[in-house]
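Printed here is input-v8.cif (mmCIF, C-alpha atoms):
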```cif
data_upload
loop_
_atom_site.label_atom_id
_atom_site.label_comp_id
_atom_site.auth_asym_id
_atom_site.auth_seq_id
_atom_site.Cartn_x
_atom_site.Cartn_y
_atom_site.Cartn_z
CA MET X 1 -80.82 -37.53 44.11
CA LYS X 2 -84.16 -39.26 44.59
CA VAL X 3 -85.88 -39.18 47.94
CA LYS X 4 -84.76 -42.70 48.94
CA GLU X 5 -81.14 -41.80 48.17
CA VAL X 6 -81.41 -38.64 50.26
CA ALA X 7 -82.91 -40.66 53.12
CA ASP X 8 -80.05 -43.20 52.94
CA LEU X 9 -77.44 -40.41 52.83
CA THR X 10 -78.78 -38.26 55.66
CA GLY X 11 -80.63 -40.65 57.94
CA VAL X 12 -83.80 -38.56 57.58
CA SER X 13 -86.75 -40.84 56.84
CA VAL X 14 -88.58 -40.74 53.52
CA ARG X 15 -91.76 -39.95 55.43
CA THR X 16 -90.12 -36.91 57.05
CA LEU X 17 -88.82 -35.67 53.68
CA HIS X 18 -92.32 -36.00 52.24
CA HIS X 19 -93.66 -34.02 55.20
CA TYR X 20 -91.07 -31.27 54.69
CA ASP X 21 -92.17 -31.04 51.06
CA GLU X 22 -95.87 -30.93 51.95
CA ILE X 23 -95.43 -28.02 54.38
CA GLY X 24 -93.15 -26.13 51.98
CA LEU X 25 -90.08 -26.40 54.18
CA LEU X 26 -87.94 -28.37 51.72
CA VAL X 27 -89.38 -28.55 48.21
CA PRO X 28 -87.28 -30.64 45.75
CA ASP X 29 -86.02 -28.74 42.73
CA GLU X 30 -87.58 -31.26 40.39
CA VAL X 31 -90.45 -33.73 40.25
CA THR X 32 -90.35 -36.20 37.36
CA GLU X 33 -93.32 -37.09 35.19
CA ALA X 34 -93.57 -40.31 37.16
CA GLY X 35 -93.90 -38.25 40.36
CA TYR X 36 -90.43 -38.92 41.78
CA ARG X 37 -88.91 -36.13 43.87
CA VAL X 38 -85.40 -35.17 42.74
CA TYR X 39 -83.20 -33.20 45.16
CA SER X 40 -80.37 -30.90 44.05
CA ASP X 41 -77.15 -30.06 45.90
CA GLU X 42 -78.83 -26.79 46.90
CA ASN X 43 -81.69 -28.78 48.42
CA LEU X 44 -79.21 -30.86 50.40
CA THR X 45 -77.52 -27.74 51.77
CA THR X 46 -80.92 -26.44 52.85
CA LEU X 47 -81.69 -29.78 54.48
CA GLN X 48 -78.42 -29.60 56.38
CA GLN X 49 -79.40 -26.17 57.68
CA ILE X 50 -82.83 -27.42 58.68
CA LEU X 51 -81.27 -30.27 60.65
CA PHE X 52 -78.90 -27.88 62.43
CA PHE X 53 -81.88 -25.74 63.42
CA ARG X 54 -83.70 -28.85 64.67
CA GLU X 55 -80.66 -29.90 66.68
CA VAL X 56 -80.66 -26.61 68.60
CA GLY X 57 -84.39 -26.85 69.32
CA PHE X 58 -86.15 -24.77 66.67
CA PRO X 59 -89.70 -25.92 65.77
CA LEU X 60 -90.44 -26.54 62.08
CA LYS X 61 -92.78 -23.55 61.86
CA LYS X 62 -90.03 -21.20 63.07
CA ILE X 63 -87.46 -22.75 60.72
CA LYS X 64 -89.77 -22.18 57.76
CA GLU X 65 -90.30 -18.56 58.80
CA LEU X 66 -86.54 -18.03 58.94
CA LEU X 67 -85.81 -19.69 55.60
CA ASP X 68 -88.63 -17.79 53.88
CA SER X 69 -87.57 -14.41 55.26
CA PRO X 70 -86.16 -11.99 52.64
CA SER X 71 -83.45 -11.03 55.12
CA PHE X 72 -82.32 -14.62 55.68
CA ASN X 73 -78.57 -15.04 55.25
CA ARG X 74 -77.36 -18.62 55.01
CA LEU X 75 -73.80 -17.90 56.15
CA GLU X 76 -74.97 -15.91 59.16
CA ALA X 77 -77.37 -18.72 60.04
CA PHE X 78 -74.56 -21.30 59.96
CA GLU X 79 -72.44 -19.06 62.19
CA LEU X 80 -75.33 -18.70 64.65
CA GLN X 81 -75.93 -22.43 64.66
CA ARG X 82 -72.26 -23.07 65.32
CA ASP X 83 -72.29 -20.70 68.30
CA MET X 84 -75.39 -22.40 69.70
CA LEU X 85 -73.90 -25.88 69.27
CA VAL X 86 -70.65 -24.80 70.96
CA ALA X 87 -72.69 -23.49 73.90
CA LYS X 88 -74.64 -26.74 73.98
CA ARG X 89 -71.37 -28.72 73.95
CA LYS X 90 -70.06 -26.73 76.92
CA GLN X 91 -73.26 -27.41 78.82
CA LEU X 92 -73.05 -31.14 78.02
CA GLU X 93 -69.43 -31.25 79.14
CA THR X 94 -70.44 -29.65 82.44
CA MET X 95 -73.27 -32.15 82.86
CA ILE X 96 -70.89 -35.05 82.17
CA GLU X 97 -68.60 -33.70 84.90
CA THR X 98 -71.62 -33.49 87.21
CA ILE X 99 -72.69 -37.08 86.55
CA ASP X 100 -69.08 -38.30 87.00
CA LYS X 101 -69.02 -36.61 90.41
CA THR X 102 -72.43 -38.08 91.18
CA LEU X 103 -71.12 -41.58 90.44
CA GLN X 104 -68.16 -40.94 92.73
CA SER X 105 -70.54 -39.68 95.41
CA GLU X 106 -72.78 -42.75 95.10
CA ARG X 107 -69.70 -44.96 95.49
CA GLY X 108 -68.72 -43.07 98.63
CA GLU X 109 -65.57 -41.65 97.06
CA MET X 110 -66.59 -38.01 97.60
CA THR X 111 -69.39 -35.82 98.94
CA MET X 112 -71.23 -33.42 96.64
CA THR X 113 -72.75 -30.14 97.71
CA ASN X 114 -76.35 -29.41 96.67
CA GLU X 115 -75.04 -26.77 94.27
CA GLU X 116 -72.74 -29.30 92.58
CA LYS X 117 -75.61 -31.74 92.08
CA PHE X 118 -77.37 -29.38 89.68
CA LYS X 119 -74.42 -27.85 87.87
CA GLY X 120 -74.98 -27.92 84.13
CA PHE X 121 -78.77 -28.09 84.14
CA ASP X 122 -80.17 -25.15 82.23
CA PHE X 123 -83.86 -24.27 82.12
CA SER X 124 -83.31 -20.60 81.30
CA SER X 125 -84.30 -21.16 77.66
CA ASN X 126 -87.62 -22.67 76.70
CA PRO X 127 -87.78 -24.67 73.44
CA TYR X 128 -91.56 -24.85 73.77
CA GLU X 129 -92.19 -21.11 73.99
CA GLN X 130 -93.70 -20.81 70.51
CA GLU X 131 -96.19 -23.59 71.20
CA ALA X 132 -97.07 -21.96 74.53
CA ARG X 133 -97.68 -18.61 72.84
CA GLU X 134 -99.99 -20.23 70.31
CA ARG X 135 -101.95 -22.05 73.00
CA TRP X 136 -102.16 -19.46 75.78
CA GLY X 137 -101.22 -16.14 74.21
CA ASP X 138 -98.30 -13.72 74.41
CA LYS X 139 -99.47 -12.09 77.64
CA ALA X 140 -99.33 -15.31 79.69
CA VAL X 141 -95.94 -16.34 78.28
CA ASP X 142 -94.42 -12.89 78.75
CA LYS X 143 -95.59 -12.90 82.36
CA ALA X 144 -94.05 -16.32 82.93
CA ASN X 145 -90.75 -15.29 81.36
CA LYS X 146 -90.63 -12.15 83.49
CA ASN X 147 -91.27 -14.09 86.68
CA VAL X 148 -88.64 -16.71 85.81
CA ALA X 149 -86.10 -13.96 85.19
CA ASN X 150 -86.91 -12.39 88.55
CA PHE X 151 -86.67 -15.67 90.48
CA GLY X 152 -83.45 -16.81 88.77
CA LYS X 153 -81.41 -19.52 90.45
CA GLU X 154 -83.90 -20.12 93.28
CA THR X 155 -86.62 -20.88 90.76
CA GLN X 156 -84.42 -23.37 88.94
CA GLU X 157 -83.47 -25.12 92.17
CA GLU X 158 -87.11 -25.34 93.23
CA MET X 159 -88.07 -26.73 89.83
CA ASN X 160 -85.40 -29.40 90.06
CA ARG X 161 -86.43 -30.31 93.59
CA ILE X 162 -90.02 -30.93 92.53
CA TYR X 163 -88.95 -32.89 89.45
CA PHE X 164 -86.77 -35.19 91.56
CA LYS X 165 -89.55 -35.63 94.11
CA LEU X 166 -92.02 -36.58 91.38
CA ALA X 167 -89.45 -38.90 89.80
CA GLU X 168 -89.26 -40.88 93.04
CA LEU X 169 -93.03 -41.43 92.82
CA ARG X 170 -93.28 -42.16 89.08
CA ASN X 171 -93.85 -45.89 89.54
CA THR X 172 -96.73 -45.38 91.99
CA ASP X 173 -100.41 -44.59 91.44
CA PRO X 174 -100.69 -41.01 90.07
CA ALA X 175 -104.03 -40.67 91.89
CA ALA X 176 -102.57 -41.65 95.27
CA GLU X 177 -102.48 -39.08 98.05
CA GLU X 178 -98.70 -38.68 98.02
CA SER X 179 -98.61 -38.34 94.21
CA GLN X 180 -101.34 -35.73 94.24
CA ALA X 181 -99.60 -33.78 97.00
CA ALA X 182 -96.42 -33.68 94.92
CA ILE X 183 -98.21 -32.67 91.72
CA GLY X 184 -99.98 -30.02 93.77
CA GLU X 185 -96.55 -28.55 94.52
CA TRP X 186 -95.89 -28.48 90.77
CA TYR X 187 -99.21 -26.67 90.19
CA THR X 188 -98.36 -24.10 92.86
CA PHE X 189 -94.88 -23.62 91.42
CA LEU X 190 -96.17 -23.08 87.87
CA ASN X 191 -98.61 -20.46 89.08
CA LYS X 192 -95.77 -18.55 90.70
CA ILE X 193 -94.16 -18.06 87.29
CA GLY X 194 -97.29 -17.86 85.16
CA ASP X 195 -101.06 -18.22 85.09
CA TYR X 196 -102.26 -21.81 84.73
CA PRO X 197 -105.94 -22.51 85.40
CA LEU X 198 -106.68 -26.19 85.94
CA GLU X 199 -107.71 -26.74 82.31
CA ALA X 200 -104.41 -25.32 81.07
CA PHE X 201 -102.56 -27.36 83.71
CA ALA X 202 -104.10 -30.58 82.38
CA GLY X 203 -103.38 -29.48 78.80
CA LEU X 204 -99.76 -28.86 79.68
CA GLY X 205 -99.56 -32.38 81.05
CA GLU X 206 -100.80 -33.76 77.73
CA MET X 207 -98.03 -31.84 75.95
CA TYR X 208 -95.46 -33.50 78.19
CA VAL X 209 -96.25 -36.78 76.42
CA ALA X 210 -97.45 -35.58 73.00
CA ASP X 211 -94.29 -33.57 72.31
CA GLU X 212 -91.18 -35.75 72.27
CA ARG X 213 -89.02 -32.77 73.22
CA PHE X 214 -90.98 -32.33 76.45
CA THR X 215 -90.80 -36.05 77.15
CA LYS X 216 -87.05 -36.21 76.56
CA ASN X 217 -86.35 -33.24 78.81
CA ILE X 218 -88.59 -34.40 81.67
CA ASP X 219 -87.50 -38.04 81.50
CA LYS X 220 -83.93 -36.93 82.23
CA PHE X 221 -85.07 -37.03 85.85
CA GLY X 222 -86.39 -40.58 85.49
CA GLU X 223 -87.76 -42.69 82.67
CA GLY X 224 -91.53 -42.56 82.56
CA LEU X 225 -91.78 -39.32 84.54
CA ALA X 226 -93.53 -37.41 81.74
CA VAL X 227 -96.34 -39.98 81.52
CA PHE X 228 -96.70 -40.07 85.31
CA MET X 229 -96.91 -36.27 85.50
CA ARG X 230 -99.51 -36.15 82.72
CA ASP X 231 -101.70 -38.68 84.51
CA ALA X 232 -101.26 -36.99 87.89
CA MET X 233 -102.00 -33.55 86.41
CA ASN X 234 -105.21 -34.86 84.81
CA VAL X 235 -106.38 -36.32 88.12
CA TYR X 236 -105.48 -33.10 89.93
CA ALA X 237 -107.48 -31.02 87.43
CA GLU X 238 -110.48 -33.40 87.49
CA ARG X 239 -110.59 -33.12 91.29
CA GLY X 240 -110.63 -29.34 91.02
CA GLY X 241 -107.20 -28.88 92.50
CA ARG X 242 -107.92 -30.97 95.57
CA GLU X 243 -105.17 -33.35 96.59
#
```
Show me, as structure tokens, the structure contained in the file I just sent.
Amino acid sequence: MKVKEVADLTGVSVRTLHHYDEIGLLVPDEVTEAGYRVYSDENLTTLQQILFFREVGFPLKKIKELLDSPSFNRLEAFELQRDMLVAKRKQLETMIETIDKTLQSERGEMTMTNEEKFKGFDFSSNPYEQEARERWGDKAVDKANKNVANFGKETQEEMNRIYFKLAELRNTDPAAEESQAAIGEWYTFLNKIGDYPLEAFAGLGEMYVADERFTKNIDKFGEGLAVFMRDAMNVYAERGGRE
């Protein structure tokens, strides 16, 4: 199949397929004299596996490392992906139950406890860990992971509380006193679980917008929250941490 046919079949854009070829992630089995990429059935199976890995949050660099590993076993990888997708489905089902209860609560049909409000949210795994390691080193990330593990549920609840607070302010001026006070809470929280000097804090804010996975996760609390947090974090860093 030529690249346009593969794009039509899978929904993956031609541009993305070209990119996968350029980085050596998915190289077509044949290139014609005219320069057309021709994909085999084996290529399509590999593409399917790549897309499964993407669906469960693996970055392209990690996927390439896995596929290139001499110990890589395709069947085992499919089984792992299935287990991860089943776990993701269970989490989504729980979150759907939570939002159904939230709708009932908003309509006055029931009262939710604080614990019920956050059932299904899971920040125990970090899909951005590889990028963080590359930017700030293994030591800083390992320290953050250790602190998160020690704090457990209380850390997650505190994180959610700050996200919701910031979401309420996302349509206001990020440099305003109230916005800066709230983002200051976020800065303090992050430094409880890791080590974020102001420069790294501002850089993290840029990643919230530059990386669509960050944006998607943060904007669950309110559309536009990622952009607001980036702008507020930049102001906070420029002011030297002063609210």
Interatomic distance, CA of Leu85 in chain X to CA of Gly120 in chain X (Å, one decimal) = 15.0 Å
request  = Check the smallest atom-to-atom distance from each of X:Leu17, X:Ala200, X:Val86, X:Met95 to Glu116 in chain X using only C-alpha atoms, then report the winner.
outcome  =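 Among X:Leu17, X:Ala200, X:Val86, X:Met95, it is X:Met95 that comes nearest to Glu116 in chain X.
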inquiry  = Once the PyMOL selection byres ((chain X and resi 176-187) around 7) has been evaluated on this model, what residues remain selected, and can you format them as a ChimeraX atom specification?
reply    = /X:162,166,169,173-175,188-191,232-233,236,243
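Pairwise distance (CA of Glu5 in chain X, CA of Leu44 in chain X) equals 11.3 Å.
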message = Just checking: using all atoms listed in the file, which residue out of X:Thr98, X:Tyr196, X:Ala210, X:Glu223 ends up closest to Gly241 in chain X?
response =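 Once distances to Gly241 in chain X are computed over all atoms listed in the file, the minimum belongs to X:Tyr196.
The gap separating CA of Asn160 in chain X from CA of Pro197 in chain X is 22.2 Å, in Å to one decimal.
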query = On this structure, which residues satisfy the PyMOL selection byres ((chain X and resi 16) around 12), written as JSON, numbers by chain?
reply = {"X": [3, 4, 6, 7, 10, 11, 12, 13, 14, 15, 17, 18, 19, 20, 21, 22, 23, 25, 26, 47, 51, 60]}
key: Ile218 in chain X environment, 10 Å, all atoms listed in the file, sequence neighbours closer than 2 positions dropped, as a PyMOL selection string   = chain X and resi 163+167+208-209+212-216+220-227+229
inquiry  = Here is a test: counting all atoms listed in the file, which residue of X:Ile193, X:Leu198, X:Lys119, X:Gly108 is nearest to Ile96 in chain X?
reply    =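 That would be X:Lys119, the residue with the smallest distance to Ile96 in chain X.
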Polymer residues at most 12 Å from Ile99 in chain X, all atoms listed in the file, same-chain spacing of 2 or more positions, as a compact mmCIF listing (two decimals) with C-alpha atoms, keeping the file's coordinate frame:
```
# COMPACT_ATOMS: atom_id res chain seq x y z
CA LEU X 92 -73.05 -31.14 78.02
CA GLU X 93 -69.43 -31.25 79.14
CA THR X 94 -70.44 -29.65 82.44
CA MET X 95 -73.27 -32.15 82.86
CA ILE X 96 -70.89 -35.05 82.17
CA GLU X 97 -68.60 -33.70 84.90
CA LYS X 101 -69.02 -36.61 90.41
CA THR X 102 -72.43 -38.08 91.18
CA LEU X 103 -71.12 -41.58 90.44
CA GLN X 104 -68.16 -40.94 92.73
CA SER X 105 -70.54 -39.68 95.41
CA GLU X 106 -72.78 -42.75 95.10
CA MET X 112 -71.23 -33.42 96.64
CA GLU X 116 -72.74 -29.30 92.58
CA LYS X 117 -75.61 -31.74 92.08
CA PHE X 118 -77.37 -29.38 89.68
CA LYS X 119 -74.42 -27.85 87.87
CA GLY X 120 -74.98 -27.92 84.13
CA PHE X 121 -78.77 -28.09 84.14
```
Selection dump of the PyMOL selection byres ((chain X and resi 30-36) around 10), as a PDB file with C-alpha atoms, in the coordinates of the input:
```
ATOM      1  CA  MET X   1     -80.820 -37.530  44.110  1.00  0.00           C
ATOM      2  CA  LYS X   2     -84.160 -39.260  44.590  1.00  0.00           C
ATOM      3  CA  VAL X   3     -85.880 -39.180  47.940  1.00  0.00           C
ATOM      4  CA  LYS X   4     -84.760 -42.700  48.940  1.00  0.00           C
ATOM      5  CA  VAL X  27     -89.380 -28.550  48.210  1.00  0.00           C
ATOM      6  CA  PRO X  28     -87.280 -30.640  45.750  1.00  0.00           C
ATOM      7  CA  ASP X  29     -86.020 -28.740  42.730  1.00  0.00           C
ATOM      8  CA  ARG X  37     -88.910 -36.130  43.870  1.00  0.00           C
ATOM      9  CA  VAL X  38     -85.400 -35.170  42.740  1.00  0.00           C
ATOM     10  CA  TYR X  39     -83.200 -33.200  45.160  1.00  0.00           C
ATOM     11  CA  SER X  40     -80.370 -30.900  44.050  1.00  0.00           C
TER      12      SER X  40
END
```
